[in-house]
Structures are given as structure tokens and as C-alpha cells.
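Everything below concerns the one structure shown next.
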There are 4 protein chains.
Amino acid sequence: MIRVTVWNEFQHEKNDEKIRAVYPDGIHGAIAEFLGKEEDFVVRTATLDDENCGITKELLDETDVLFWWGHVAHWRVPDEVAAMVRDAVLSGMGMIFLHSAHHSKPFKLLMGTTCNLSWREDGDYERLFVIDPGHPIVQGIENGYFRLEHEETYAEPFCIPEPDKLVLIGSYEGGEVFRSGCCYRRENGKIFYFQPGHEAFPTYYDKNVQTILKNAVRWAAPEAPRKVLDCPHVGRLPY
Amino acid sequence: MIRVTVWNEFQHEKNDEKIRAVYPDGIHGAIAEFLGKEEDFVVRTATLDDENCGITKELLDETDVLFWWGHVAHWRVPDEVAAMVRDAVLSGMGMIFLHSAHHSKPFKLLMGTTCNLSWREDGDYERLFVIDPGHPIVQGIENGYFRLEHEETYAEPFCIPEPDKLVLIGSYEGGEVFRSGCCYRRENGKIFYFQPGHEAFPTYYDKNVQTILKNAVRWAAPEAPRKVLDCPHVGRLPY
Amino acid sequence: MIRVTVWNEFQHEKNDEKIRAVYPDGIHGAIAEFLGKEEDFVVRTATLDDENCGITKELLDETDVLFWWGHVAHWRVPDEVAAMVRDAVLSGMGMIFLHSAHHSKPFKLLMGTTCNLSWREDGDYERLFVIDPGHPIVQGIENGYFRLEHEETYAEPFCIPEPDKLVLIGSYEGGEVFRSGCCYRRENGKIFYFQPGHEAFPTYYDKNVQTILKNAVRWAAPEAPRKVLDCPHVGRLPY
Amino acid sequence: MIRVTVWNEFQHEKNDEKIRAVYPDGIHGAIAEFLGKEEDFVVRTATLDDENCGITKELLDETDVLFWWGHVAHWRVPDEVAAMVRDAVLSGMGMIFLHSAHHSKPFKLLMGTTCNLSWREDGDYERLFVIDPGHPIVQGIENGYFRLEHEETYAEPFCIPEPDKLVLIGSYEGGEVFRSGCCYRRENGKIFYFQPGHEAFPTYYDKNVQTILKNAVRWAAPEAPRKVLDCPHVGRLPY
């Protein structure tokens, strides 16, 4: 079983009726709903307004793959919590950053860059093209691409380290392009950044998006026991 | 001085009046024309119908950066010549592959993959977006992108090894995307693949294209003396 | 079940009594022996003196992971067979190149470089250090390294493209170092180069070597259906 | 002219007579001494006990390449100063991290990992092997390696992101190996990590070390105007 935790900031859905209409149970609820149907996943959720921002050491220890959606309240995640999440990834926890989580504290800590990008919010359609058709994350995507009727436009330059593997490129109605599916490994942990998922659009109900996120869970799940390497003083090699 | 050789298959321009109208002196002529205005470049040209396909060991030894444009006659370049070009790159010669040279023998030898892609020829406009604004190859490109009124559409998946550095992504009127500017280093040599340049369109007269190709020459020029490493039997380290 | 084929040149073991004493059933036999004990592997072998050098299209189609050991007779593998092996990898077959297979035709085709290195044969011991302790290929290696009492010394520079992931570095009694475990992905296929395995030494009986090679099979096994991408003319995106 | 700033923690040399005997003018002094002889460099120094830890926004703006040596007092560099240094790198400033600066705040911020390693201090000799002989940083190193009579042993695993380019591997008298010369690019800035330089040994007087550090300055110097990308709201593409 893969133990999945879906963390969501959960602010828009509480404070904005229009967003609540799209995600009545929160974005985390919508994601947990379709992930929960997979027989090899055990799914729970956590949100910013939960105790300790929803993140504890115990939760991270018991999570194989963590989803993260945040937008207006990145600043409310304390630096210590962000560092704890980063450290869990470095020890081997898989992590999937969604949409505006490009500016979340854990993502920026793991990337080491500003993670800036350009954006506009005009409800353009987006096409997502498969760059690497043999990659496990895009298995089940037919015909090489899929289309979302409305998404927020994220545009290059996206200020990230060169991805270990670029899996998807998005292009928008207005012509912009974006590296929309990016894979990284950092120490023992795997990281997937996935661009779609603006709160105002029903992106997480899309079958192709769901296929990718389910694949991403299996791809990001730890391949080895979680382990924190420290910086030991050692003796001479015995042999 | 950087010694540049522009190699062109030079078939379309001879055999097709419409193409000749676009490039009366051949694609190589058009490229040599604008490169030749740079004070630090010495430029010569070579074409497929020249003796030995225009490529000799001496020419390669005297070339710092080689351009390669080919399309319908890749097969006419003998395997030995292609291998000689590859070996020059591995020794440190810079190389710039243009457009349909994605299927040239030297490019395929250097990549180790099929270098396949999808394509259509509808005269779409193309926008080329700068992914890495600090890269030397895109200095002088304003506003983050430029547009070509007509280009052949090359679409992903493009079957290449993950680029060391992705510098440009193209998107077309019809929505497709393509990794249009890709940097590699192989042994001592630098390689730049640049997608625009269909023979029927005046791409190589475009100022932004010219800026990129001039930058690419300076980027790809050898940073160290050319050197072929062999596979020597060695003694124990003396010290 | 993972279908494994162990291909071996099988010349030293036939022609040299000392080598035969180490590997009476050939290097392929020794490798097939320990792989065959894994419940999820089906193992067969092939050698250079078999019909068609032991390699047919059918065999490749039915192989999930191919091992390759060669040394003195690389030249006897026809270019067409080498290209067929490369193409199988690009379609998704996993491949593990052992020791002197760095100079085999399929490896050189896939890398695009000379794959040269420096070498000496003094029976030095070698230590192999785990660089990436969370990588699936090194699970089960205790204490961060292991030692082989005698190996052929392979020394840098090793003329390969930068590995996607460097997993092991070897160092020898005489002080040299070598990137001894290198991971690549090329189109749909995964490639692992593993340096130990000189014919004169009992390397393939070593428990740690066996652990690594068993892990490598599971790592390299296809993650998606085998697929050859071609270079299609396409219509406009329908949607 | 390349404007170089050599920042040194400068604690050991003040507080420990034995270290002062090796570097009477501080490590920064020794480095500035040999760099200062290069006609294309303008060199200044800064240390932890200077005002604002020796680092101001003005200094960073006027620095093309920054060296960083630190060990026992990483904690004394305020987080804000470390972030300012990181941001200067992201804007295009080159940076060279020396030896125990693997644990400095700016390096850890830029890498996003723990940057842990194993270590012992037995005065072993170290050999540094050139992995990439065509790389600008190792031009002038003869015979493929050089030896330092005494260095602190740093051993793998070194918990860093896969380097963009691995240039040097070190091996020690006791057999350990280490990725001793690692190149990165992060946004607009180039980063070089170089392992030798324990305070108790005269490493920075070594001619080969000096050659590498001089090369590294020229390699890391900005190739484009310094630029901070932010995260703008943009309008539709005008064209």
C-alpha cells in the first residue's frame, strides 16, 4: 500500500463562493476522492487550518507521497514546517507539487531557485503535450496530448533547475508555453511538479489529469527505506 | 578568430525554382552572408555536391564551428564522412544542426537515438520562447520570445536524449510545441540543435534567428585545444 | 516475470584454460546461474558463436532486459545486429553493459561517444563506493562500499555522456578512480553500465556484484509497453 | 575585468597558531594573492568579522565571482545575508564554494539538499583526477591528475543534486572517493564546488589548485547582464 497525504491550503474554497461551487469538498477532497479508488493507495488529507498547519513529524513519517496545493497563504506555513517537509523528501518521501505550489516554501527550498514564472488569468484552454511517451507518469494518455478547456496561463521563463526529466509541455490558447510536468530526484526523494490546477476550474475532475496524478503517486513512492544521511566523522576504511 | 564552416546539402535551391527564389545563393549562402559580417568570424561554405561531399579531414581540422543543413539527401553522406564529422565534434569542434538536420547522420550518431519527431507543413506561424534568459545563445532576444510568420511545424515527441540545457521552446499556430533550441556537450565538443529553417521560408533572414546563430557560434567555439582521447594501456600512477 | 537474456561473447572461456577455470560454464553461465534463482526472472543465454551471433529480432522482442559482455570480438558483431540491439533499447528494452562492453558496438551507438578509457591489468583490488544510497540499484549494499580482491583497473577519463545518474565510483589499489555504475535513459529504454567483470577474476560470484545486477534487472525492466516512435507526417490537432 | 571577491570566515587563522602559520594573511589573503596576479582580475577580500559579515548588497552588485570559505562559524552568517548571496547567484553572479563551505548557508540554499558527507582528518594525500579533460576549469592540468600531499578526507555519499557537470573526482590515501569538482548553473548564475582546502594544509599554494581556481573564475564569470526575474502578471502576447 502506498500511503498518500493530500495537503491543501484550503482557503479559496472556504472564502469564495465561486471556488466552493467548483470544489465543495476542497481541492484536497476532490483529489482524495479519485485517488481513494485505487486499491493500492491509502489516502488522507490535511489542510492549513488544521493544527500545526496540518503537518507533523508523525504524519510525514507515515506518508509515502505528499501532495501540496497552496496559493494565497504560502506565508502562513512556518519556516520550520517547510524545512521539515523538505527533510522528509530528502529522506525519501515522494512529493507532488500542484500548480501555484511553485511558490510554496517547500518547493522553493528543494529547488534552490526563485521558482518565478509569468502568469495571466484569462481562462484560456491549455493543451498538455507528452514529451516523453515512455515515462511512467504519462502512461494512459492517448494520442500524445490532452486538452483542458480552461486553465490559468503559466508562462516561461520558469525559474527552476533544469529538470532531471521533462515529461509534459503545456501550450495555451494565447500561444505561451510552459514546462508543465517536471521530474526531480533530490537525495532519496522524488519530486513531480505539475502545472494544471487553478482553483477556479474543474481541472482535478479531468480524467487525464487524474491518470497523471495516479501515475505520479506510483512513480514517486519510495524505492528504498527512508533514510536521513548525516555528516559523520568516520574512521579509516577497515577493508 | 572563430573559423566557421557552413555546410548545406544544397539540393532544394538547385532543383526547385520556388526555393531558389527564397535562397538564390543557397541556404549556406544566406547564413554565410550574415555570419561573415562579424569581425571575429572567418566563414566558408561547403555543399554536398562538392568533392567528398564537401567534407575532408583537413576542413574539419580547420573548422571551429560547423553548421549542418540537410533534408532530402542525408543518405548521400557516406557513413565514413558522418563518422568523421562526429569524431571532429568529440575532439572539440562545435556543431550547429539546423532544422531537418535532426535526421542527418552526424546528428543521429551523436545523439544515439532515432531523432524522430512529428511534422506538418502548413505554413503556420511559430513563436519561439526563451526558456533560459541568462543563456549566452539567447542574448539580444527582446521580450522573451520572437515570432516567425511561417515555419514548418515540428512536434513532440522529439526522440533525443534529455538536453543538457533546453534554451528555446517553439509553439505553432496550430498549438503544437517543440524543444526548438537544445544544447549538448559530447566529450570535448558542444552541439546546438535549432529547429527553425524550412527551405521554403525566409527564416535565415530573420534578425532574431541571426542573433541566435551568431551567439551559438561563440558559445560552441572550442574552449580548449582539440584533442582526441584514445583508450591507452597505462602503467601504475607514478606518484 | 522479467525475461532476461544474458549475451556473452564467450571467447576467452573457450580459448584460454585459465579463464575456463574461473568460468567453466562461461561468464553468461555464471550470471544466468544466480539470476535464475530469482522467482520473478526467466533467464536465457546467447553467445557470439550461436546463429546470427545469438541475436535475432524475435529474441529481442521477447527480452525485457539484455546483458552484454564482450571484449576481443566486438568487431564480429555485424553493424546490423548492433543497430537492432540499439533499436530494441530505444523501444524500451532494458540493457546492462558489463565491463569491456564499454567498447561494444551497441554501447557506442547508444552513447554517441568513443567510450574510451585508460586501463591496466595488474590484479589490483577495487573498492566500489555507493554515491547514491537511495538508488534502487544499490539496495542491499552494506556500509556504503564493497571490495573486490582483484579487478582490471579502468581509469578516467571515461568518454561517455554525463550519466543521468551516477550510482557507483570505483577506486583501485593503485589510486585510480572510475565511474563504475552509470544510469542512462534513451528514448523508452534504460541502460546501466557496470564496470567490474574482468574475465580472469571471479567477479560474478561476488555477492555484492550479484545484488547489484539483480537490482539492475528490476530497475531496467520496461515501465511501459515497448513502442517504436517513428517520424510521422501529421494533420492539424483535431482539438 | 572580472571583479572577484574572496570571502573567508577567517576564524582558524586568528585563533589557532598552527593554522596562522600556514596562512599568516588568512586563506582569503592567500587566494587573493595568486588571483591578483592575473591581469583580467580585480580582487578584493571580505571576512566574517567585517561589518555586516563582510557582505553588503553593494558588494554583491559589484562582484562578478564570489569565493566562499567557511567552517566553524556558518551559523554566524545571518539567514538574510545567506539569502542575499543566493539571490546574487540567481541573478548571474558566479560563485565558488571551497572545501567546508559545503555546509555554508548559501551553498545549502542553492542546492536544496543537506550537502552532508563523511569526513576524517588524518592528513592523507589526495589525488584529484580530471574526469572531463575538455572542460575549461581543468585546462593546464597535466597528465590527467595531480596530487596534494595532505588533505582532509571527504567521502561519499555527498548529498548534492546530480552535478550538471562533474569535472574532478578525488581519491585519498585511505581509498575513499569524492566528487571534488562539481559544476552547476542555477537561474543565471554558475556555481563551482571545489573540495580541497583544509585550513591546516597549504593547499591554496599548490600550483594546480591555483590553476583550477583561476580557470573557475573565468568559467563562472557572468555571460550576460545580471538580471533578477520576478513573477509578473502579464497580458496576452501582443503578436
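The chains in the C-alpha cells are called A, B, ... from first to last as shown; in each chain the residues are counted from 1, and the ligands are counted from 1 in the order shown.
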
Every residue of region 1-202 of chain A that DSSP places in strand (DSSP E or B), as a VMD selection string = chain A and resid 2 to 8 41 to 47 65 to 69 94 to 98 118 to 120 126 to 130 145 to 148 153 to 155 165 to 172 177 to 186 189 to 194

Exercise answer, chain C residues close to chain D, 12 Å and only C-alpha atoms, as a ChimeraX atom specification | /C:117-118,125-135,143-147,155-179

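Among the candidates D:Ala101, D:Ile191, D:Leu59, D:Ala224, the residue lying nearest to Cys115 (chain D) is D:Ala101 (atoms considered: only C-alpha atoms).
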
Leaving out Ala21 (chain D) and any residue of its chain fewer than 5 positions from it, which residues lie within 10 Å of it when counting only C-alpha atoms, given as an NGL selection string?
-> :D and (13 or 16 or 26 or 200 or 202)

For the selection just defined, write its residues with N, CA, C and O atoms to a file, as a compact mmCIF listing (two decimals), in the first residue's frame.
# COMPACT_ATOMS: atom_id res chain seq x y z
N GLU D 13 42.50 31.05 11.38
CA GLU D 13 43.79 31.74 11.24
C GLU D 13 44.01 32.74 12.36
O GLU D 13 45.16 33.07 12.70
N ASP D 16 44.14 30.09 16.00
CA ASP D 16 44.95 28.88 16.14
C ASP D 16 46.31 29.15 15.49
O ASP D 16 46.43 29.35 14.28
N GLY D 26 45.64 34.86 6.26
CA GLY D 26 44.33 34.26 6.11
C GLY D 26 44.23 33.51 4.78
O GLY D 26 44.98 33.77 3.83
N ALA D 200 44.45 23.45 7.65
CA ALA D 200 45.73 23.06 8.24
C ALA D 200 46.80 22.75 7.19
O ALA D 200 47.96 22.51 7.55
N PRO D 202 48.68 23.47 3.20
CA PRO D 202 48.99 24.60 2.30
C PRO D 202 48.40 24.42 0.90
O PRO D 202 49.04 24.73 -0.09

Which residues come within 12 Å of Trp219 (chain D), counting only C-alpha atoms, excluding same-chain residues fewer than 4 positions away, as an MDAnalysis selection string?
-> (chainID B and resid 223) or (chainID D and resid 2 64:65 93:96 135:139 183:185 189:192 212:215 223)

Which residues come within 6 Å of region 68-82 of chain A, counting only C-alpha atoms, excluding same-chain residues fewer than 2 positions away, as a list in words?
-> Trp7, Asn8, Glu9, Met84, Val85, Phe97, Leu98, Ser100, Ala101, Ser104, Lys105 and Pro106 of chain A

Output N, CA, C and O atoms of each residue in that selection to a file, as an mmCIF file, in the first residue's frame.
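Saved file result_10.cif follows:
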data_model
loop_
_atom_site.group_PDB
_atom_site.id
_atom_site.type_symbol
_atom_site.label_atom_id
_atom_site.label_comp_id
_atom_site.auth_asym_id
_atom_site.auth_seq_id
_atom_site.Cartn_x
_atom_site.Cartn_y
_atom_site.Cartn_z
ATOM 1 N N TRP A 7 -2.254 17.446 0.961
ATOM 2 C CA TRP A 7 -2.282 18.679 1.740
ATOM 3 C C TRP A 7 -2.792 19.803 0.848
ATOM 4 O O TRP A 7 -2.348 19.965 -0.285
ATOM 5 N N ASN A 8 -3.714 20.561 1.375
ATOM 6 C CA ASN A 8 -4.256 21.698 0.634
ATOM 7 C C ASN A 8 -4.343 22.893 1.555
ATOM 8 O O ASN A 8 -4.757 22.775 2.709
ATOM 9 N N GLU A 9 -3.992 24.017 1.041
ATOM 10 C CA GLU A 9 -4.124 25.273 1.769
ATOM 11 C C GLU A 9 -5.586 25.492 2.197
ATOM 12 O O GLU A 9 -5.854 25.987 3.290
ATOM 13 N N MET A 84 10.818 20.900 7.571
ATOM 14 C CA MET A 84 10.502 19.518 7.948
ATOM 15 C C MET A 84 9.985 18.745 6.719
ATOM 16 O O MET A 84 10.326 17.572 6.529
ATOM 17 N N VAL A 85 9.182 19.412 5.902
ATOM 18 C CA VAL A 85 8.698 18.775 4.677
ATOM 19 C C VAL A 85 9.862 18.500 3.725
ATOM 20 O O VAL A 85 10.001 17.400 3.176
ATOM 21 N N PHE A 97 3.991 18.568 -6.274
ATOM 22 C CA PHE A 97 3.617 19.970 -6.118
ATOM 23 C C PHE A 97 2.658 20.346 -7.234
ATOM 24 O O PHE A 97 2.954 20.132 -8.420
ATOM 25 N N LEU A 98 1.542 20.942 -6.862
ATOM 26 C CA LEU A 98 0.487 21.237 -7.814
ATOM 27 C C LEU A 98 0.381 22.738 -8.052
ATOM 28 O O LEU A 98 0.317 23.533 -7.097
ATOM 29 N N SER A 100 0.015 26.372 -8.229
ATOM 30 C CA SER A 100 0.635 27.533 -7.596
ATOM 31 C C SER A 100 1.541 27.145 -6.416
ATOM 32 O O SER A 100 2.156 28.028 -5.804
ATOM 33 N N ALA A 101 1.666 25.869 -6.157
ATOM 34 C CA ALA A 101 2.671 25.413 -5.182
ATOM 35 C C ALA A 101 4.083 25.638 -5.699
ATOM 36 O O ALA A 101 5.051 25.401 -4.974
ATOM 37 N N SER A 104 5.394 27.691 -3.177
ATOM 38 C CA SER A 104 5.321 27.239 -1.783
ATOM 39 C C SER A 104 6.722 27.183 -1.200
ATOM 40 O O SER A 104 7.712 27.024 -1.920
ATOM 41 N N LYS A 105 6.797 27.287 0.109
ATOM 42 C CA LYS A 105 8.105 27.239 0.759
ATOM 43 C C LYS A 105 8.837 25.914 0.529
ATOM 44 O O LYS A 105 10.033 25.930 0.231
ATOM 45 N N PRO A 106 8.158 24.759 0.674
ATOM 46 C CA PRO A 106 8.925 23.521 0.465
ATOM 47 C C PRO A 106 9.483 23.395 -0.951
ATOM 48 O O PRO A 106 10.613 22.937 -1.145
#

Would you work out the distance separating CA of Ala221 (chain D) from CA of Glu38 (chain D), expressed in Å to one decimal?
->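 Computed distance, CA of Ala221 (chain D) to CA of Glu38 (chain D), equals 14.3 Å.
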